[in-house]
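Working notes, beginning with the structure itself.
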Amino acid sequence: MPLLTLIIAIPAVLGLVACLLLPQRLVKYGALAIVLLDLALVIFAAGRFDWSGDYQREVAAFEHTVPSHFQMREYVPWIEPFRISWTVGVDHLSMLMILLTAAIGVFAVLCSWSSIKKREKEFYFFLLVLQTGIMGTFLAIDMFLFYIFWELMLIPLYFLIGIWGSKNRIFATMKFVLYTLAGSVLMLVALIWMYYTNGYYENGVFQQVKTYSFEVMAHTQGEAGPLGSFRGAIWPFLALFVAFAVKIPLFPLHTWLPDAHTEAPTAGSVILAGVLLKTGGYGIIRFCLPLFPDVAFALAPVCTWLAIIAIIYGAMTAIVQTDVKRLVAYSSVSHMGFVVLGIFSFNAQAMSGAILTMINHGISTSGLFLAVGMLYERTHTREMSNFGGLSRNLPIFAALTMVMVLSSAGLPGLNGFIGEFNVLLGSMSNVPIMIQAHENPAGFAAAMGMVEYTWFIAALAATGVILGAVYLLIMYQRTFFGKLDEARNGSLRDLVPREWGQLAVLSVAAVWIGLFPRPVLNAIQPATERALQSVAIGTPLAQWDEESVTTVDVQVEWADASGVSKKP
Amino acid sequence: MSPTLLVLLTIFAPFVAFGISLVFLMRRPVLAQGVALAGGAVSVLAALLLLAGGPAEPVRHLWFASGNFQLQFGFVFDGLSLAFGAVVAVIAFCIQVYSIGYMHHDPGRTRYFAMLGLFGWSMLGFVYSVDLLQAFIFWELVGLASFFLIGFWYEKPEAIAAAKKAFIMTRVGDVGLFIGVLMILNLTGISDIPALLDAETGLLAHVSGGTLALIMMLLFMGIAGKSAQFPLHTWLPDAMEGPTPVSALLHSATMVAAGVFLFARLHPLFLASEVVVVTVLAVALFTAILSSTIALVERDIKRVLAYSSIGQLGFMLAALAAGSLFAGVLHLILHAVFKALLFLCAGSYIHRFETNDMEEIGRLGARRMRWTTAGLLAGGGALAGIPPLAGFFSKEEVLAAISYAGYTAFWLVALLAAFLTAYYTFRMIFLVTLPARMEQGAKDAAGDSPWVMLVPMAVLTAGAVLGGLMMGPLGGLLGLEVPSHSLISMLPALGAVAVGVGLAWWDFGRARAPRRGFVEALGPLHTLFVNKWYVDDFYRATFGRAVHAVSRLLQKTEEKGLDGGFDNAAISTSRLGGLIARLQNGWVQSYIASVILIVALAGFYLGIR
């Protein structure tokens, strides 16, 4: 059974069928059934998945046969002259991501239940197509297929915001589309560039290996080929990185996010924050690190700084927002900064923390957007000044939102803390920065303000944690505490079971991961190892003092030698 | 029963009560009270049994592993934990009982008692933690619980502001603590507290010198935040906005005590760095002076007590930094008892007279509430250090520790603080019990608080009077010798206290007293004290404003700079918007056409760039 293809195709195909056959008022039930079916399939796939991390098979991709760790792989040649194929597969990273996607998909349908009243058919159709696009993005192994799904995500979201959004929606969609298209065009150029320059030298003769297959490329890209050299790799790396950075979104490419979030309908915001942003982080871990380890390594200080700026900048900007939704949007910028910081620290803790933070952010920020959506549905406003004292009439709502707020603020005992803790702990032994500062203390790294003690990177990032408490508590206080000033807010009704059910599930997830993070971290572990193995830095530097300098040197050699062992 | 089972009962009984009340008993406050009391009682019983069982080996359980790093979760059963855990459980239970009377009219009682459970759970969890990171988690939960309780009356703007201030200000310190913990993990890979304290393989074997000082200073930052030491002390007086029993809990055995307890827990590590020791002594004693001078001029009874807490916490930290674990822990425990008592007495007055102003409380006939007043005298006497009340012994130990360690200058400062403490405590006592005149009819209105409030106060009064007797057992538990002092060495401290009490009598107590403190003659100093040394104003003018200014600046940059270019592009493309709006007619064909158009336009836009 082509399980993964089913997971990808079911939302869009059945969505189309449901919209054609079902009457308007039944469409949402159809949509719910479809996302639940998709969730069931994903869970079934997770059950069949080999979680041990030892899985390895020889697989075929056109004329090449390479080892691959992707499970449940499906390979169908498609456009043979250009070696484009329908190749999908799943590993630990993508498994976690599709679990998140399928779960958030259910929330996206449930939160639209009563808030979407016009053109329900089209709405649910686009929502389901969006889910197909995201699933495909996470599951595609063929990079051209990845690109297609990447673009496919854009179109339904464009309509979701453009049609069902609030007042300023046209402007927001335009900005969003321009931004992300700019990124995807770069990605396309990079993919084509890589297709033609991939290969290796044998006895001085360049052997071209034209391929879009990630597996083949990861395997053939050696030190001798153009893509293996720093100069050959930096442009494709940058192009891909920018495309992913727009989606994450990384400072300074984040400015589409607040507008898109603010104008999007609740379901759009939930999917955007919960899943779509993760495609950026996923892309970096999946493609940028394994294919261009040296460049990633060399540019790590820059990325680290951008991440730190994003963490603090996003939080500071969130403090002055008066629109609740915008505030949550800026908090996303801050949180996703932790993801980038974790990825570019190149050690196991930080990488685990980054992946876990992606999941956590999916839980807590989706929860916050759900809450804001419920509030908006009741009051038709998002300005904090219009709220206040709501906890008197809406105690259940207030309590569940509190859990989401605290989870987002990184309170120990909830999920956010575990992720941020791992990122911060790992970023303290930020391997690239240490090595670069060590190799060339007066040069590049030093010019970036790096010293051997990387603890202040963690210190800077940790200020984001304080500021997180500040803006989230300000928001919560202005909304739920204080006197009930607005007379019309006095008659608001508390949540119905469908609504509190959503928040309760997310709260349970937040508490569960916060108290018992072991299963999740164990599932993440192989993904982390694989990501770091590909950059040939498997073990983190446990210590950084005079004695460990030698250890660092060894690791540098290891990093340089990464390509040699990978020759086909 | 095994220690593990007992400790689980101790810690989780309040938590279970919290969960049950919050989920099931939202509309049944009486039942919620019962559940809370039952949880508290179980906790007390288990903690006392644990104490009776004596020290045992720690237990540990793997919590999670990431990378090559493992985190454990477990409990430690040394004298420090057992003694302080029992104190926390007992005081929390007393305060729960008292709250039945104090809060009987409040509609939100369920939430109140649930939060008390949360508070008890997190503090007890912290006290018994075996792992530094586990301790940090409970530490933060203590902060969260106090956030909820300080802001319990959430419709009162001051209460919310105070709750937020407490949470954020302690979080500033906590970031320091967190980075310190991260550095320890990073440098040693150990987070187990007993392992860290091990002289051969612990933290001291891995780091020394500047790095050690840096780490310990970062940890102290967190302690200063939690235990309200300068410059992070200003949240504590504001926290008075919460219900008075909450203040009693916050100021005695939980929240502020957590900081001192952490210091005691990691005592050898702090002592290993001379720089840290001197800094802590300086900060703690400066804080003691600062808070005592403010207390001299406060009129609000709760605020006087709040400032006295800040000062006494300074005493504890100074004693610990001077090297005496025994003195610090003794003062921590005895202070917890008599400060809880003082707050409950204050609450008893406030409950009856509905004012916080000491003169007014006195005028309205506080003296007639005999039982409460007896408690106030016992607690106040203990706070001032009158022999043979509890505070006398612990303060004596603190002063002796500082003097014994050879810090003569610090010792003199501590004596000054002891003098000020005695003065403002008795100022409070005289203002409340010996008013210049009493309201007409005050006599008729007399009558004391209900017995649910009086019984816990009586228990604590017994503790405040007889606390000195526990010196021996505590020394045994901690495995330390109880130091003995000659009468001569006690004279300076006794003298300072006597002068303080005498001066207070001269200013407020005697028949023709001016009823004005001597500080009012000090001009500019008086202004400084009344304005709380301008610390809050300074924060508002600098950090408060700076954060907002920077945030607004960034927002501007965001709108004009970063975003501007793209916005212009988007707006010009939005000329197309009218067209698109017309295209949104529900026809899939025209949607697709518009997509193609946009893609082409965007491609063109990017192409010409």
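Within each chain, counting starts at residue 1; across the structure tokens, chains are named A, B, ... in the order shown, with ligands numbered 1 upward in that order.
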
**Study point:** All alpha helix (DSSP H) residues (DSSP, backbone) inside range 333-396 of chain B, as an NGL selection string
**Key:** :B and (333-353 or 358-363 or 370-384 or 390-396)

Contact residues (chain A, partner chain B, 6 Å, only C-alpha atoms) as a PDB file with C-alpha atoms, in the first residue's frame:
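And here is the file that came out, out-v7.pdb:
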ATOM      1  CA  MET A 174       0.315  40.336  -1.585  1.00  0.00           C
ATOM      2  CA  LYS A 175       3.179  40.823   0.785  1.00  0.00           C
ATOM      3  CA  THR A 255       8.097  41.141   8.096  1.00  0.00           C
ATOM      4  CA  MET A 316      10.902  43.510  22.067  1.00  0.00           C
ATOM      5  CA  THR A 317       8.565  44.264  19.202  1.00  0.00           C
ATOM      6  CA  ALA A 348      23.277  17.137  19.970  1.00  0.00           C
ATOM      7  CA  GLN A 349      21.550  19.050  22.748  1.00  0.00           C
ATOM      8  CA  PRO A 412       9.571  24.881  33.597  1.00  0.00           C
ATOM      9  CA  LEU A 425      22.553  24.426  26.981  1.00  0.00           C
ATOM     10  CA  PHE A 481      -7.457  40.457  34.419  1.00  0.00           C
ATOM     11  CA  GLY A 482      -8.599  43.824  35.587  1.00  0.00           C
ATOM     12  CA  LYS A 483     -12.101  45.208  35.679  1.00  0.00           C
ATOM     13  CA  ARG A 518      11.699  11.301  27.381  1.00  0.00           C
ATOM     14  CA  GLN A 543      33.841  21.152  27.772  1.00  0.00           C
TER      15      GLN A 543
END

**Study point:** Long-range neighbours of range 195-206 of chain B as a list in words, 9 Å cut-off, only C-alpha atoms, 5 positions minimum in chain
**Key:**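 Residues near the query, excluding close chain neighbours: Ile184, Leu187, Thr188, Ile190, Leu212, Leu266, His267, Pro268, Leu269 and Ala272 of chain B.
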
Exercise for review: Counting only C-alpha atoms, figure out which residue out of A:Asn422, A:Gln477, A:Thr173, A:Thr528 gets nearest to Ala350 in chain A.
Suggested key: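 Result for the nearest residue to Ala350 in chain A: A:Asn422.
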
Practice item. Just the residues within 12 Å of Leu271 in chain B, please, counting only C-alpha atoms, with nothing from its chain fewer than 2 positions along; format it as a VMD selection string. Key: chain B and resid 197 204 208 212 to 213 216 to 217 263 to 269 273 to 281 317 to 325 405

Give me every strand (DSSP E or B) residue in range 58-157 of chain A, going by DSSP on the backbone, as an mmCIF file with N, CA, C and O atoms, in the first residue's frame.
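See part-v4.cif below for the written result:
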data_model
loop_
_atom_site.group_PDB
_atom_site.id
_atom_site.type_symbol
_atom_site.label_atom_id
_atom_site.label_comp_id
_atom_site.auth_asym_id
_atom_site.auth_seq_id
_atom_site.Cartn_x
_atom_site.Cartn_y
_atom_site.Cartn_z
ATOM 1 N N GLU A 58 19.528 -0.282 0.452
ATOM 2 C CA GLU A 58 20.020 0.157 -0.849
ATOM 3 C C GLU A 58 18.813 0.486 -1.700
ATOM 4 O O GLU A 58 17.893 -0.330 -1.828
ATOM 5 N N VAL A 59 18.766 1.687 -2.257
ATOM 6 C CA VAL A 59 17.602 2.043 -3.070
ATOM 7 C C VAL A 59 18.062 2.540 -4.430
ATOM 8 O O VAL A 59 19.209 2.941 -4.618
ATOM 9 N N ALA A 60 17.121 2.534 -5.356
ATOM 10 C CA ALA A 60 17.419 2.974 -6.709
ATOM 11 C C ALA A 60 16.788 4.328 -6.959
ATOM 12 O O ALA A 60 15.694 4.604 -6.486
ATOM 13 N N ALA A 61 17.541 5.198 -7.671
ATOM 14 C CA ALA A 61 16.991 6.450 -8.148
ATOM 15 C C ALA A 61 17.563 6.643 -9.546
ATOM 16 O O ALA A 61 18.717 7.006 -9.702
ATOM 17 N N HIS A 64 21.217 5.382 -10.483
ATOM 18 C CA HIS A 64 22.057 5.231 -9.306
ATOM 19 C C HIS A 64 21.438 4.288 -8.291
ATOM 20 O O HIS A 64 20.235 4.164 -8.196
ATOM 21 N N THR A 65 22.317 3.640 -7.547
ATOM 22 C CA THR A 65 21.868 2.859 -6.399
ATOM 23 C C THR A 65 22.644 3.348 -5.186
ATOM 24 O O THR A 65 23.874 3.324 -5.175
ATOM 25 N N VAL A 66 21.920 3.836 -4.208
ATOM 26 C CA VAL A 66 22.588 4.417 -3.045
ATOM 27 C C VAL A 66 21.934 3.904 -1.775
ATOM 28 O O VAL A 66 20.766 3.512 -1.782
ATOM 29 N N PRO A 67 22.677 3.921 -0.659
ATOM 30 C CA PRO A 67 22.040 3.584 0.617
ATOM 31 C C PRO A 67 21.154 4.736 1.071
ATOM 32 O O PRO A 67 21.480 5.901 0.845
ATOM 33 N N SER A 68 20.031 4.371 1.683
ATOM 34 C CA SER A 68 19.109 5.414 2.124
ATOM 35 C C SER A 68 18.491 5.021 3.452
ATOM 36 O O SER A 68 18.247 3.849 3.707
ATOM 37 N N GLN A 71 12.336 5.471 5.235
ATOM 38 C CA GLN A 71 11.482 4.298 5.335
ATOM 39 C C GLN A 71 10.215 4.500 4.520
ATOM 40 O O GLN A 71 9.863 5.614 4.172
ATOM 41 N N MET A 72 9.558 3.361 4.231
ATOM 42 C CA MET A 72 8.302 3.353 3.465
ATOM 43 C C MET A 72 8.467 4.127 2.156
ATOM 44 O O MET A 72 7.593 4.847 1.704
ATOM 45 N N ARG A 73 9.654 3.994 1.590
ATOM 46 C CA ARG A 73 9.999 4.801 0.426
ATOM 47 C C ARG A 73 9.181 4.354 -0.780
ATOM 48 O O ARG A 73 8.969 3.170 -1.011
ATOM 49 N N GLU A 74 8.702 5.336 -1.542
ATOM 50 C CA GLU A 74 8.007 5.030 -2.796
ATOM 51 C C GLU A 74 8.729 5.778 -3.896
ATOM 52 O O GLU A 74 9.017 6.964 -3.765
ATOM 53 N N TYR A 75 9.006 5.043 -4.983
ATOM 54 C CA TYR A 75 9.789 5.648 -6.051
ATOM 55 C C TYR A 75 9.100 5.377 -7.373
ATOM 56 O O TYR A 75 8.931 4.231 -7.767
ATOM 57 N N VAL A 76 8.642 6.421 -8.062
ATOM 58 C CA VAL A 76 8.020 6.278 -9.380
ATOM 59 C C VAL A 76 8.666 7.315 -10.294
ATOM 60 O O VAL A 76 8.541 8.519 -10.047
ATOM 61 N N PRO A 77 9.410 6.856 -11.340
ATOM 62 C CA PRO A 77 10.002 7.831 -12.264
ATOM 63 C C PRO A 77 8.898 8.654 -12.910
ATOM 64 O O PRO A 77 7.817 8.142 -13.198
ATOM 65 N N TRP A 78 9.187 9.933 -13.126
ATOM 66 C CA TRP A 78 8.113 10.804 -13.569
ATOM 67 C C TRP A 78 8.534 11.519 -14.847
ATOM 68 O O TRP A 78 8.137 11.131 -15.937
ATOM 69 N N ILE A 79 9.425 12.513 -14.733
ATOM 70 C CA ILE A 79 9.878 13.186 -15.944
ATOM 71 C C ILE A 79 11.297 12.695 -16.184
ATOM 72 O O ILE A 79 12.261 13.268 -15.680
ATOM 73 N N ILE A 84 13.374 13.586 -12.847
ATOM 74 C CA ILE A 84 12.450 13.984 -11.775
ATOM 75 C C ILE A 84 11.563 12.790 -11.476
ATOM 76 O O ILE A 84 11.035 12.155 -12.396
ATOM 77 N N SER A 85 11.406 12.496 -10.219
ATOM 78 C CA SER A 85 10.623 11.325 -9.864
ATOM 79 C C SER A 85 9.717 11.653 -8.689
ATOM 80 O O SER A 85 9.920 12.633 -7.967
ATOM 81 N N TRP A 86 8.689 10.831 -8.541
ATOM 82 C CA TRP A 86 7.851 10.896 -7.349
ATOM 83 C C TRP A 86 8.528 10.002 -6.311
ATOM 84 O O TRP A 86 8.316 8.805 -6.283
ATOM 85 N N THR A 87 9.405 10.604 -5.524
ATOM 86 C CA THR A 87 10.053 9.838 -4.460
ATOM 87 C C THR A 87 9.634 10.427 -3.127
ATOM 88 O O THR A 87 9.893 11.597 -2.856
ATOM 89 N N VAL A 88 8.967 9.596 -2.359
ATOM 90 C CA VAL A 88 8.623 10.055 -1.010
ATOM 91 C C VAL A 88 9.130 9.027 -0.014
ATOM 92 O O VAL A 88 9.272 7.845 -0.339
ATOM 93 N N GLY A 89 9.426 9.488 1.151
ATOM 94 C CA GLY A 89 9.922 8.600 2.199
ATOM 95 C C GLY A 89 9.861 9.343 3.507
ATOM 96 O O GLY A 89 9.626 10.557 3.544
ATOM 97 N N VAL A 90 10.064 8.601 4.566
ATOM 98 C CA VAL A 90 9.932 9.243 5.865
ATOM 99 C C VAL A 90 11.088 8.815 6.774
ATOM 100 O O VAL A 90 11.501 7.657 6.758
ATOM 101 N N ALA A 140 8.611 14.620 0.649
ATOM 102 C CA ALA A 140 9.310 14.486 -0.628
ATOM 103 C C ALA A 140 10.800 14.294 -0.407
ATOM 104 O O ALA A 140 11.415 14.959 0.427
ATOM 105 N N ASP A 142 12.677 13.572 -3.479
ATOM 106 C CA ASP A 142 13.113 14.187 -4.727
ATOM 107 C C ASP A 142 12.997 15.691 -4.543
ATOM 108 O O ASP A 142 11.949 16.202 -4.153
#

Practice item. List the neighbours of Ala513 in chain B out to 12 Å using only C-alpha atoms; skip same-chain residues closer than 4 positions along the sequence, and give me the result as a list in words. Key: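 Surrounding residues, per the criterion: Arg427, Phe430, Leu431, Leu434, Pro435, Ala436, Leu503, Ala504, Trp505, Trp506, Asp507, Phe508, Gly509, Gly517 and Phe518 of chain B.
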
Exercise for review: Find the residues around Asn531 in chain B up to 10 Å (only C-alpha atoms counted), leave out those fewer than 5 positions away in its own chain, and share them as a list in words.
Suggested key: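 Near Asn531 in chain B, the qualifying residues are Ile294, Val297, Leu525, His526, Asp536 and Asp537 of chain B.
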
Would you mind exporting the chosen residues as a compact mmCIF listing (two decimals), in the first residue's frame, restricted to N, CA, C and O atoms?
# COMPACT_ATOMS: atom_id res chain seq x y z
N ILE B 294 13.85 52.07 55.48
CA ILE B 294 12.53 52.35 54.89
C ILE B 294 11.44 51.97 55.86
O ILE B 294 10.43 52.65 56.00
N VAL B 297 10.00 54.48 58.42
CA VAL B 297 9.07 55.56 58.10
C VAL B 297 7.78 55.06 57.47
O VAL B 297 6.93 55.86 57.10
N LEU B 525 17.87 62.72 54.70
CA LEU B 525 17.86 61.27 54.87
C LEU B 525 16.42 60.76 55.00
O LEU B 525 16.05 59.75 54.42
N HIS B 526 15.64 61.51 55.74
CA HIS B 526 14.23 61.14 55.91
C HIS B 526 13.53 61.09 54.56
O HIS B 526 12.80 60.15 54.24
N ASP B 536 12.77 52.35 43.04
CA ASP B 536 11.68 52.11 42.09
C ASP B 536 11.61 53.19 41.03
O ASP B 536 11.43 52.91 39.84
N ASP B 537 11.80 54.45 41.50
CA ASP B 537 11.76 55.55 40.53
C ASP B 537 12.87 55.40 39.51
O ASP B 537 12.68 55.67 38.33

Review point. Excluding same-chain residues fewer than 2 positions from Leu377 in chain B, what lies within 10 Å of it counting only C-alpha atoms, as a ChimeraX atom specification?
Key: /B:342,345,371-375,379-383,425-426,429-430,433,461

Review point. Nearest to Ile141 in chain A among A:Arg57, A:Arg286, A:His219, A:Lys167, with distances taken over only C-alpha atoms: which residue is it?
Key: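 Closest residue, counting only C-alpha atoms: A:Arg286.
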
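Interatomic distance, CA of Leu93 in chain A to CA of Ile524 in chain A: 7.0 Å.
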
Practice item. May I ask which of the residues A:Gly268, A:Gly362, A:Pro81, A:Gly105 is the closest one to Leu506 in chain A, counting only C-alpha atoms? Key: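 Checking each of A:Gly268, A:Gly362, A:Pro81, A:Gly105 against Leu506 in chain A, counting only C-alpha atoms, the winner is A:Gly362.
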